[in-house]
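K.L.:
My structure file input.csv, CSV, C-alpha atoms, is below:
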```
chain,number,residue,atom,x,y,z
A,1,MET,CA,-20.8,26.9,68.8
A,2,GLY,CA,-18.7,26.6,72.0
A,3,ALA,CA,-14.9,26.5,72.0
A,4,ARG,CA,-14.8,22.9,73.2
A,5,SER,CA,-17.3,21.9,70.5
A,6,MET,CA,-15.2,23.6,67.8
A,7,THR,CA,-12.1,21.9,69.2
A,8,ARG,CA,-13.6,18.5,69.0
A,9,GLN,CA,-14.8,19.1,65.5
A,10,THR,CA,-11.3,19.8,64.3
A,11,LEU,CA,-10.1,16.4,65.6
A,12,VAL,CA,-11.1,14.7,62.3
A,13,GLY,CA,-9.0,12.3,60.3
A,14,ARG,CA,-6.8,9.5,61.6
A,15,LYS,CA,-3.7,10.5,63.5
A,16,ARG,CA,-0.4,8.8,63.3
A,17,GLY,CA,3.1,9.5,64.7
A,18,LEU,CA,6.1,10.4,62.7
A,19,GLY,CA,8.0,7.3,63.8
A,20,MET,CA,11.4,7.2,65.6
A,21,GLY,CA,13.6,7.5,62.5
A,22,LEU,CA,15.3,10.7,61.6
A,23,SER,CA,14.3,10.5,58.0
A,24,ALA,CA,10.6,10.4,59.0
A,25,LEU,CA,11.0,13.3,61.4
A,26,MET,CA,12.8,15.3,58.7
A,27,GLY,CA,9.7,15.1,56.5
A,28,ASP,CA,10.1,12.5,53.8
A,29,GLU,CA,6.3,12.8,53.7
A,30,GLU,CA,4.6,16.2,53.2
A,31,PRO,CA,2.5,17.4,56.1
A,32,GLY,CA,-1.1,16.7,55.4
A,33,GLY,CA,-0.3,13.8,53.0
A,34,GLY,CA,-1.4,10.2,53.3
A,35,GLU,CA,-3.9,9.6,56.1
A,36,GLU,CA,-3.5,13.0,57.7
A,37,ALA,CA,-6.2,15.5,57.0
A,38,LEU,CA,-5.3,19.2,56.6
A,39,GLN,CA,-7.5,21.2,58.9
A,40,ARG,CA,-8.1,24.9,59.7
A,41,VAL,CA,-8.1,25.9,63.3
A,42,PRO,CA,-8.9,29.2,65.0
A,43,ILE,CA,-5.7,30.9,65.8
A,44,GLU,CA,-6.7,31.3,69.5
A,45,PHE,CA,-6.8,27.5,69.8
A,46,LEU,CA,-3.0,27.3,69.2
A,47,THR,CA,-0.3,27.7,71.9
A,48,ALA,CA,3.5,27.6,71.8
A,49,SER,CA,5.1,24.4,73.0
A,50,PRO,CA,7.0,24.5,76.3
A,51,LEU,CA,9.5,22.1,74.7
A,52,GLN,CA,10.5,24.6,72.0
A,53,PRO,CA,14.2,25.1,72.5
A,54,ARG,CA,14.1,28.4,70.6
A,55,ARG,CA,13.2,31.3,72.8
A,56,HIS,CA,14.2,34.4,70.8
A,57,PHE,CA,12.3,35.4,67.7
A,58,ASP,CA,13.6,38.5,65.9
A,59,GLN,CA,10.8,41.1,65.7
A,60,GLY,CA,11.9,42.5,62.4
A,61,GLU,CA,11.9,39.1,60.8
A,62,LEU,CA,8.4,38.4,62.2
A,63,GLU,CA,7.2,41.7,60.7
A,64,ALA,CA,8.6,40.7,57.3
A,65,LEU,CA,7.1,37.3,57.5
A,66,ALA,CA,3.7,38.8,58.5
A,67,GLU,CA,3.8,41.0,55.4
A,68,SER,CA,4.5,38.0,53.2
A,69,ILE,CA,1.6,36.1,54.9
A,70,ARG,CA,-0.8,39.0,54.2
A,71,VAL,CA,0.1,38.8,50.5
A,72,LYS,CA,0.5,35.0,50.0
A,73,GLY,CA,-1.1,33.4,53.0
A,74,ILE,CA,0.3,30.4,54.9
A,75,LEU,CA,2.1,28.2,52.3
A,76,GLN,CA,2.9,25.3,54.7
A,77,PRO,CA,0.6,24.1,57.4
A,78,LEU,CA,1.7,24.0,61.1
A,79,VAL,CA,2.3,20.6,62.8
A,80,VAL,CA,0.4,20.4,66.1
A,81,ARG,CA,-0.7,18.0,68.7
A,82,GLN,CA,-3.8,18.0,70.9
A,83,ARG,CA,-3.3,19.6,74.4
A,84,SER,CA,-3.7,17.2,77.3
A,85,ASP,CA,-6.6,19.3,78.7
A,86,ASP,CA,-8.5,19.1,75.4
A,87,THR,CA,-8.7,22.9,75.1
A,88,GLY,CA,-6.7,23.4,71.9
A,89,TYR,CA,-3.5,22.5,70.2
A,90,GLU,CA,0.2,22.8,71.1
A,91,ILE,CA,2.5,23.8,68.2
A,92,VAL,CA,5.1,21.2,67.3
A,93,ALA,CA,6.5,22.9,64.2
A,94,GLY,CA,5.6,26.4,62.9
A,95,GLU,CA,5.6,28.7,65.9
A,96,ARG,CA,7.3,31.4,63.9
A,97,ARG,CA,4.5,31.3,61.3
A,98,TRP,CA,1.9,31.4,64.1
A,99,ARG,CA,3.5,34.5,65.7
A,100,ALA,CA,3.7,36.3,62.3
A,101,SER,CA,0.1,35.3,61.5
A,102,GLN,CA,-1.1,37.0,64.7
A,103,ILE,CA,0.7,40.2,63.5
A,104,ALA,CA,-0.9,39.8,60.1
A,105,GLY,CA,-4.3,39.5,61.7
A,106,LEU,CA,-5.3,36.0,60.5
A,107,HIS,CA,-8.1,34.3,62.3
A,108,GLU,CA,-7.4,30.7,61.5
A,109,LEU,CA,-4.5,28.6,60.3
A,110,PRO,CA,-4.0,25.4,58.4
A,111,VAL,CA,-2.7,22.6,60.6
A,112,VAL,CA,-1.9,18.9,60.6
A,113,VAL,CA,-2.7,17.1,63.9
A,114,ARG,CA,-0.3,14.4,64.9
A,115,ASP,CA,-0.2,12.1,68.0
A,116,LEU,CA,3.3,12.8,69.3
A,117,GLY,CA,5.0,12.3,72.7
A,118,ASP,CA,7.3,14.9,74.3
A,119,ARG,CA,10.4,13.2,73.0
A,120,ASP,CA,9.1,13.4,69.4
A,121,VAL,CA,8.1,17.1,69.9
A,122,LEU,CA,11.6,18.1,71.1
A,123,GLU,CA,13.3,16.2,68.3
A,124,ILE,CA,11.1,17.8,65.6
A,125,ALA,CA,11.7,21.3,67.2
A,126,LEU,CA,15.4,20.8,67.1
A,127,ILE,CA,15.4,19.7,63.5
A,128,GLU,CA,13.1,22.5,62.4
A,129,ASN,CA,15.4,25.0,64.1
A,130,LEU,CA,18.4,23.5,62.2
A,131,GLN,CA,16.6,24.2,58.9
A,132,ARG,CA,16.5,28.0,59.8
A,133,ALA,CA,19.0,30.2,58.0
A,134,ASP,CA,19.3,32.6,60.9
A,135,LEU,CA,20.5,30.1,63.4
A,136,SER,CA,23.9,31.0,65.0
A,137,PRO,CA,26.7,28.5,64.6
A,138,ILE,CA,26.6,27.9,68.4
A,139,GLU,CA,22.9,27.3,68.4
A,140,GLU,CA,23.4,24.9,65.5
A,141,ALA,CA,26.2,23.1,67.3
A,142,GLU,CA,24.0,22.7,70.4
A,143,ALA,CA,21.1,21.3,68.4
A,144,PHE,CA,23.5,18.8,66.7
A,145,ALA,CA,24.8,17.8,70.1
A,146,ARG,CA,21.3,17.2,71.6
A,147,LEU,CA,20.2,15.2,68.6
A,148,MET,CA,23.3,13.0,69.0
A,149,GLN,CA,23.3,12.7,72.8
A,150,GLU,CA,19.6,12.4,73.5
A,151,PHE,CA,18.3,10.7,70.4
A,152,GLY,CA,21.3,8.7,69.3
A,153,HIS,CA,21.7,10.2,65.8
A,154,THR,CA,25.2,10.0,64.2
A,155,GLN,CA,27.0,12.8,62.4
A,156,GLU,CA,26.6,11.0,59.1
A,157,ALA,CA,22.8,10.7,59.6
A,158,LEU,CA,22.4,14.3,60.5
A,159,ALA,CA,24.5,15.5,57.6
A,160,ALA,CA,22.5,13.4,55.1
A,161,ALA,CA,19.1,14.4,56.5
A,162,LEU,CA,19.9,18.1,56.7
A,163,GLY,CA,21.7,18.3,53.3
A,164,LYS,CA,25.0,19.3,54.9
A,165,SER,CA,28.5,17.8,54.7
A,166,ARG,CA,29.8,15.4,57.4
A,167,SER,CA,32.7,17.9,57.9
A,168,HIS,CA,30.3,20.8,58.5
A,169,VAL,CA,28.6,18.9,61.3
A,170,ALA,CA,31.9,17.8,62.8
A,171,ASN,CA,33.5,21.3,62.6
A,172,THR,CA,30.3,22.9,64.0
A,173,LEU,CA,30.3,20.6,67.0
A,174,ARG,CA,33.9,21.5,67.8
A,175,LEU,CA,32.8,25.0,68.6
A,176,LEU,CA,31.2,23.7,71.8
A,177,LYS,CA,34.8,23.2,73.1
A,178,LEU,CA,35.3,27.0,73.3
A,179,PRO,CA,34.9,28.9,76.6
A,180,ALA,CA,31.4,30.1,77.3
A,181,GLY,CA,32.5,33.8,76.8
A,182,VAL,CA,33.8,33.1,73.3
A,183,ARG,CA,30.6,31.1,72.4
A,184,ALA,CA,28.5,34.1,73.5
A,185,MET,CA,30.5,36.4,71.1
A,186,VAL,CA,29.6,34.0,68.3
A,187,VAL,CA,25.9,34.0,69.3
A,188,ASP,CA,25.6,37.8,69.4
A,189,GLY,CA,27.5,38.1,66.1
A,190,ARG,CA,30.8,39.7,67.3
A,191,LEU,CA,32.7,36.7,66.1
A,192,THR,CA,32.0,34.5,63.0
A,193,ALA,CA,32.3,30.7,63.0
A,194,GLY,CA,35.5,31.2,61.1
A,195,HIS,CA,37.0,33.3,63.8
A,196,ALA,CA,35.8,30.8,66.4
A,197,ARG,CA,37.3,27.8,64.6
A,198,ALA,CA,40.7,29.6,64.4
A,199,LEU,CA,40.7,30.1,68.2
A,200,LEU,CA,40.1,26.4,69.0
A,201,SER,CA,43.8,25.7,69.4
A,202,VAL,CA,44.6,28.8,71.4
A,203,GLU,CA,45.3,28.3,75.1
A,204,ASP,CA,43.8,31.7,76.1
A,205,ALA,CA,40.9,31.7,73.6
A,206,GLN,CA,38.9,34.2,75.7
A,207,GLY,CA,41.7,36.7,75.7
A,208,MET,CA,42.5,36.3,72.0
A,209,ALA,CA,38.8,36.6,71.2
A,210,GLU,CA,38.5,39.9,73.0
A,211,ALA,CA,41.6,41.2,71.2
A,212,VAL,CA,40.2,40.1,67.8
A,213,VAL,CA,36.9,42.0,68.5
A,214,ALA,CA,38.7,45.1,69.8
A,215,ARG,CA,41.0,45.3,66.7
A,216,GLY,CA,38.4,44.2,64.2
A,217,LEU,CA,40.6,41.4,62.8
A,218,ASN,CA,39.4,39.3,59.9
A,219,VAL,CA,39.6,35.5,59.9
A,220,ARG,CA,42.8,35.3,57.8
A,221,GLU,CA,44.5,37.7,60.2
A,222,VAL,CA,43.4,35.6,63.2
A,223,GLU,CA,44.6,32.4,61.5
A,224,ALA,CA,48.0,34.0,60.8
A,225,LEU,CA,48.4,35.2,64.4
A,226,VAL,CA,47.5,31.8,65.8
A,227,GLN,CA,49.9,30.0,63.4
A,228,ALA,CA,52.7,32.4,64.4
A,229,GLY,CA,52.0,31.7,68.1
A,230,SER,CA,51.2,35.3,68.8
A,231,LEU,CA,50.4,36.3,72.3
A,232,VAL,CA,47.8,38.8,71.3
A,233,GLY,CA,45.2,39.0,74.0
A,234,LYS,CA,47.5,37.6,76.7
A,235,PRO,CA,49.0,39.6,79.5
A,236,PRO,CA,52.6,40.9,78.8
A,237,PRO,CA,55.4,38.9,80.4
A,238,GLU,CA,56.7,40.1,83.8
A,239,PRO,CA,59.6,42.5,83.3
A,240,LYS,CA,63.0,41.2,84.5
A,241,ALA,CA,64.4,42.6,87.7
A,242,ILE,CA,67.1,45.3,87.2
A,243,ASP,CA,70.4,44.8,88.8
A,244,PRO,CA,71.5,48.1,90.4
A,245,ASP,CA,75.2,47.1,90.1
A,246,ILE,CA,74.9,46.8,86.3
A,247,VAL,CA,73.0,50.1,86.1
A,248,ALA,CA,75.8,51.8,88.1
A,249,CYS,CA,78.5,50.3,85.8
A,250,GLU,CA,76.6,51.4,82.7
A,251,LYS,CA,76.5,55.0,84.1
A,252,ARG,CA,80.3,55.0,84.9
A,253,LEU,CA,81.2,53.8,81.5
A,254,ALA,CA,78.9,56.2,79.8
A,255,GLU,CA,80.5,59.1,81.7
A,256,ARG,CA,84.0,57.9,80.9
A,257,LEU,CA,83.3,57.4,77.1
A,258,GLY,CA,80.7,60.1,76.6
A,259,LEU,CA,78.5,57.6,74.9
A,260,LYS,CA,75.5,55.4,75.7
A,261,VAL,CA,76.5,52.0,77.1
A,262,GLU,CA,74.3,48.9,77.7
A,263,ILE,CA,75.2,45.8,79.6
A,264,ARG,CA,73.2,42.6,79.2
A,265,ALA,CA,74.1,39.9,81.8
A,266,GLY,CA,73.1,36.3,81.4
A,267,ARG,CA,73.7,33.0,83.2
A,268,LYS,CA,76.7,32.1,81.0
A,269,GLY,CA,78.0,35.5,80.1
A,270,GLY,CA,76.6,38.7,78.6
A,271,SER,CA,77.3,41.6,76.3
A,272,LEU,CA,78.6,45.1,76.4
A,273,THR,CA,77.2,47.5,73.8
A,274,VAL,CA,78.6,51.0,73.2
A,275,HIS,CA,76.4,53.2,70.9
A,276,TYR,CA,78.1,55.8,68.7
A,277,LYS,CA,76.6,58.2,66.1
A,278,SER,CA,79.6,59.0,63.9
A,279,ALA,CA,82.9,57.7,62.6
A,280,ASP,CA,84.8,60.1,64.8
A,281,GLN,CA,83.0,58.7,67.9
A,282,PHE,CA,83.9,55.2,66.8
A,283,ASP,CA,87.6,56.2,66.4
A,284,GLN,CA,87.6,57.7,69.9
A,285,VAL,CA,86.1,54.6,71.5
A,286,LEU,CA,88.4,52.3,69.6
A,287,ALA,CA,91.5,54.4,70.6
A,288,ARG,CA,90.6,54.2,74.2
A,289,LEU,CA,89.9,50.5,74.2
A,290,LEU,CA,93.3,49.9,72.5
A,291,GLY,CA,95.2,52.4,74.6
A,292,GLU,CA,96.1,54.4,71.5
A,293,GLY,CA,96.1,58.2,71.1
A,294,ALA,CA,95.8,58.8,74.8
A,295,SER,CA,97.0,62.4,74.3
A,296,ARG,CA,93.8,63.1,72.2
A,297,PRO,CA,91.4,65.5,73.9
```
Using structure tokens, write down the structure that the file contains.

P.N.:
Amino acid sequence: MGARSMTRQTLVGRKRGLGMGLSALMGDEEPGGGEEALQRVPIEFLTASPLQPRRHFDQGELEALAESIRVKGILQPLVVRQRSDDTGYEIVAGERRWRASQIAGLHELPVVVRDLGDRDVLEIALIENLQRADLSPIEEAEAFARLMQEFGHTQEALAAALGKSRSHVANTLRLLKLPAGVRAMVVDGRLTAGHARALLSVEDAQGMAEAVVARGLNVREVEALVQAGSLVGKPPPEPKAIDPDIVACEKRLAERLGLKVEIRAGRKGGSLTVHYKSADQFDQVLARLLGEGASRP
């Protein structure tokens, strides 16, 4: 039987869209339920969707999933749509299972065929990614933002559909306000979401983030530094210019008293500090200042 003939034979059952509502897209109905027939399709007839926003798949996790598939099989069918050239199917949800199944050596996979437009495919892919445990906080925030901006979903609707709190969605979205360099540190795991949230109010978030990573600070330490207004990660202030006349005066006094002398001059006055190490030195300085005991050596 030819490939095109096999493809056409798999197009059985009535197809219907998921609808525009978030609850429908989130799967209030089980794949394959109702009027949709569960089908088995040769694995070579399936291709990844160009609309899939996820580009990186951890090889170690794929190997682990492949081993699970060898033992238990595919527990949840893939959601697919027919390709426009009628040569197979484009994966809407389940690309990770498809990749692992290739490693496991499976020849065909269970699928549910749905009639979906590009907009629906992208929305489903974003939501499926949000249900993944290994998604970084920044990737999660970007998915939230796209669902809100491109599809008009509210924070409340996302929280309810995904089983998360409204505050979690709001706090995660705030991470997108961080500089690109700091967001990259969160994506690659050098910073946690807790670190990142603590840096939201910092003027030089990039500099502070680099200092946090270099020093291996935990979240509580970062929060304490931020609350104290620490300048960790910022360049040190420019040193004040030294007045040569003051330096000369300090030197003359030190030679006269035989002790270290410091002069600090300000706009409205200053201070003169004489350092002594013993009671005898103090008595000598005091006598000189008061004009007493001039005959002392």

K.L.:
To one decimal in Å, tell me the separation between CA of Arg146 (chain A) and CA of Arg119 (chain A).

P.N.:
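Atom-to-atom, CA of Arg146 (chain A) and CA of Arg119 (chain A) are spaced 11.7 Å apart.
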
K.L.:
Considering all atoms listed in the file, return as a PDB file with C-alpha atoms, in the coordinates of the input whatever protein or nucleic-acid residues lie within 9 Å of region 190-206 of chain A, sequence-local ones (same chain, fewer than 2 positions apart) excluded.

P.N.:
```
ATOM      1  CA  SER A 136      23.900  31.000  65.000  1.00  0.00           C
ATOM      2  CA  PRO A 137      26.700  28.500  64.600  1.00  0.00           C
ATOM      3  CA  ILE A 138      26.600  27.900  68.400  1.00  0.00           C
ATOM      4  CA  ASN A 171      33.500  21.300  62.600  1.00  0.00           C
ATOM      5  CA  THR A 172      30.300  22.900  64.000  1.00  0.00           C
ATOM      6  CA  ARG A 174      33.900  21.500  67.800  1.00  0.00           C
ATOM      7  CA  LEU A 175      32.800  25.000  68.600  1.00  0.00           C
ATOM      8  CA  LYS A 177      34.800  23.200  73.100  1.00  0.00           C
ATOM      9  CA  LEU A 178      35.300  27.000  73.300  1.00  0.00           C
ATOM     10  CA  PRO A 179      34.900  28.900  76.600  1.00  0.00           C
ATOM     11  CA  ALA A 180      31.400  30.100  77.300  1.00  0.00           C
ATOM     12  CA  GLY A 181      32.500  33.800  76.800  1.00  0.00           C
ATOM     13  CA  VAL A 182      33.800  33.100  73.300  1.00  0.00           C
ATOM     14  CA  ARG A 183      30.600  31.100  72.400  1.00  0.00           C
ATOM     15  CA  ALA A 184      28.500  34.100  73.500  1.00  0.00           C
ATOM     16  CA  MET A 185      30.500  36.400  71.100  1.00  0.00           C
ATOM     17  CA  VAL A 186      29.600  34.000  68.300  1.00  0.00           C
ATOM     18  CA  VAL A 187      25.900  34.000  69.300  1.00  0.00           C
ATOM     19  CA  ASP A 188      25.600  37.800  69.400  1.00  0.00           C
ATOM     20  CA  MET A 208      42.500  36.300  72.000  1.00  0.00           C
ATOM     21  CA  ALA A 209      38.800  36.600  71.200  1.00  0.00           C
ATOM     22  CA  GLU A 210      38.500  39.900  73.000  1.00  0.00           C
ATOM     23  CA  ALA A 211      41.600  41.200  71.200  1.00  0.00           C
ATOM     24  CA  VAL A 212      40.200  40.100  67.800  1.00  0.00           C
ATOM     25  CA  VAL A 213      36.900  42.000  68.500  1.00  0.00           C
ATOM     26  CA  LEU A 217      40.600  41.400  62.800  1.00  0.00           C
ATOM     27  CA  ASN A 218      39.400  39.300  59.900  1.00  0.00           C
ATOM     28  CA  VAL A 219      39.600  35.500  59.900  1.00  0.00           C
ATOM     29  CA  ARG A 220      42.800  35.300  57.800  1.00  0.00           C
ATOM     30  CA  VAL A 222      43.400  35.600  63.200  1.00  0.00           C
ATOM     31  CA  GLU A 223      44.600  32.400  61.500  1.00  0.00           C
ATOM     32  CA  VAL A 226      47.500  31.800  65.800  1.00  0.00           C
ATOM     33  CA  GLY A 229      52.000  31.700  68.100  1.00  0.00           C
ATOM     34  CA  LEU A 231      50.400  36.300  72.300  1.00  0.00           C
ATOM     35  CA  GLY A 233      45.200  39.000  74.000  1.00  0.00           C
ATOM     36  CA  LYS A 234      47.500  37.600  76.700  1.00  0.00           C
TER      37      LYS A 234
END
```

K.L.:
Could you work out how far CA of His56 (chain A) lies from CA of Gly189 (chain A), giving the answer in Å with one decimal?

P.N.:
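For CA of Gly189 (chain A) relative to CA of His56 (chain A), the distance reads 14.6 Å.
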
K.L.:
Rounded to one decimal in Å, what is the spacing between CA of Pro42 (chain A) and CA of Val92 (chain A)?

P.N.:
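Atom-to-atom, CA of Pro42 (chain A) to CA of Val92 (chain A), that is 16.3 Å.
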
K.L.:
Which residues come within 12 Å of Glu150 (chain A), counting all atoms listed in the file, excluding same-chain residues fewer than 2 positions away, as a VMD selection string?

P.N.:
chain A and resid 119 to 120 122 to 123 126 142 to 148 152 to 154

K.L.:
For region 61-74 of chain A, please output as a ChimeraX atom specification all residues within 10 Å (counting all atoms listed in the file; exclusion window: fewer than 4 positions along the same chain).

P.N.:
/A:57,78,96-106,109-110,134

K.L.:
Selection from above, C-alpha atoms, as an mmCIF file, in the frame of the given file, can you write it?

P.N.:
```
data_model
loop_
_atom_site.group_PDB
_atom_site.id
_atom_site.type_symbol
_atom_site.label_atom_id
_atom_site.label_comp_id
_atom_site.auth_asym_id
_atom_site.auth_seq_id
_atom_site.Cartn_x
_atom_site.Cartn_y
_atom_site.Cartn_z
ATOM 1 C CA PHE A 57 12.300 35.400 67.700
ATOM 2 C CA LEU A 78 1.700 24.000 61.100
ATOM 3 C CA ARG A 96 7.300 31.400 63.900
ATOM 4 C CA ARG A 97 4.500 31.300 61.300
ATOM 5 C CA TRP A 98 1.900 31.400 64.100
ATOM 6 C CA ARG A 99 3.500 34.500 65.700
ATOM 7 C CA ALA A 100 3.700 36.300 62.300
ATOM 8 C CA SER A 101 0.100 35.300 61.500
ATOM 9 C CA GLN A 102 -1.100 37.000 64.700
ATOM 10 C CA ILE A 103 0.700 40.200 63.500
ATOM 11 C CA ALA A 104 -0.900 39.800 60.100
ATOM 12 C CA GLY A 105 -4.300 39.500 61.700
ATOM 13 C CA LEU A 106 -5.300 36.000 60.500
ATOM 14 C CA LEU A 109 -4.500 28.600 60.300
ATOM 15 C CA PRO A 110 -4.000 25.400 58.400
ATOM 16 C CA ASP A 134 19.300 32.600 60.900
#
```

K.L.:
Skipping near chain neighbours, those fewer than 6 positions away, what residues fall within 8 Å of region 246-259 of chain A using only C-alpha atoms, listed as a list of chain:residue names?

P.N.:
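Answer for this query is A:Val274, A:His275, A:Tyr276, A:Val285.
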
K.L.:
Using all atoms listed in the file, which of A:Glu95, A:Ser49, A:Asp58, A:Leu116 sits nearest Leu135 (chain A)?

P.N.:
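Of A:Glu95, A:Ser49, A:Asp58, A:Leu116, the one nearest Leu135 (chain A) is A:Asp58, counting all atoms listed in the file.
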
K.L.:
Since the input has fewer atoms than a full residue there, write region 119-132 of chain A out with N, CA and C atoms, as a PDB file, in the frame of the given file.

P.N.:
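result.pdb, freshly written:
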```
ATOM      1  N   ARG A 119       9.104  13.461  73.608  1.00  0.00           N
ATOM      2  CA  ARG A 119      10.400  13.200  73.000  1.00  0.00           C
ATOM      3  C   ARG A 119      10.357  13.521  71.500  1.00  0.00           C
ATOM      4  N   ASP A 120       9.280  13.130  70.814  1.00  0.00           N
ATOM      5  CA  ASP A 120       9.100  13.400  69.400  1.00  0.00           C
ATOM      6  C   ASP A 120       9.041  14.936  69.158  1.00  0.00           C
ATOM      7  N   VAL A 121       8.300  15.628  70.027  1.00  0.00           N
ATOM      8  CA  VAL A 121       8.100  17.100  69.900  1.00  0.00           C
ATOM      9  C   VAL A 121       9.464  17.795  69.967  1.00  0.00           C
ATOM     10  N   LEU A 122      10.267  17.413  70.955  1.00  0.00           N
ATOM     11  CA  LEU A 122      11.600  18.100  71.100  1.00  0.00           C
ATOM     12  C   LEU A 122      12.468  17.775  69.930  1.00  0.00           C
ATOM     13  N   GLU A 123      12.447  16.541  69.449  1.00  0.00           N
ATOM     14  CA  GLU A 123      13.300  16.200  68.300  1.00  0.00           C
ATOM     15  C   GLU A 123      12.892  16.956  67.064  1.00  0.00           C
ATOM     16  N   ILE A 124      11.609  17.061  66.811  1.00  0.00           N
ATOM     17  CA  ILE A 124      11.100  17.800  65.600  1.00  0.00           C
ATOM     18  C   ILE A 124      11.492  19.272  65.755  1.00  0.00           C
ATOM     19  N   ALA A 125      11.346  19.842  66.958  1.00  0.00           N
ATOM     20  CA  ALA A 125      11.700  21.300  67.200  1.00  0.00           C
ATOM     21  C   ALA A 125      13.145  21.521  66.905  1.00  0.00           C
ATOM     22  N   LEU A 126      14.001  20.617  67.358  1.00  0.00           N
ATOM     23  CA  LEU A 126      15.400  20.800  67.100  1.00  0.00           C
ATOM     24  C   LEU A 126      15.752  20.747  65.633  1.00  0.00           C
ATOM     25  N   ILE A 127      15.145  19.805  64.932  1.00  0.00           N
ATOM     26  CA  ILE A 127      15.400  19.700  63.500  1.00  0.00           C
ATOM     27  C   ILE A 127      14.854  20.861  62.734  1.00  0.00           C
ATOM     28  N   GLU A 128      13.656  21.321  63.118  1.00  0.00           N
ATOM     29  CA  GLU A 128      13.100  22.500  62.400  1.00  0.00           C
ATOM     30  C   GLU A 128      13.998  23.707  62.626  1.00  0.00           C
ATOM     31  N   ASN A 129      14.530  23.870  63.824  1.00  0.00           N
ATOM     32  CA  ASN A 129      15.400  25.000  64.100  1.00  0.00           C
ATOM     33  C   ASN A 129      16.687  24.901  63.214  1.00  0.00           C
ATOM     34  N   LEU A 130      17.201  23.679  63.008  1.00  0.00           N
ATOM     35  CA  LEU A 130      18.400  23.500  62.200  1.00  0.00           C
ATOM     36  C   LEU A 130      18.155  23.879  60.733  1.00  0.00           C
ATOM     37  N   GLN A 131      16.926  23.883  60.316  1.00  0.00           N
ATOM     38  CA  GLN A 131      16.600  24.200  58.900  1.00  0.00           C
ATOM     39  C   GLN A 131      16.449  25.748  58.757  1.00  0.00           C
ATOM     40  N   ARG A 132      16.571  26.508  59.856  1.00  0.00           N
ATOM     41  CA  ARG A 132      16.500  28.000  59.800  1.00  0.00           C
ATOM     42  C   ARG A 132      17.796  28.568  59.390  1.00  0.00           C
TER      43      ARG A 132
END
```
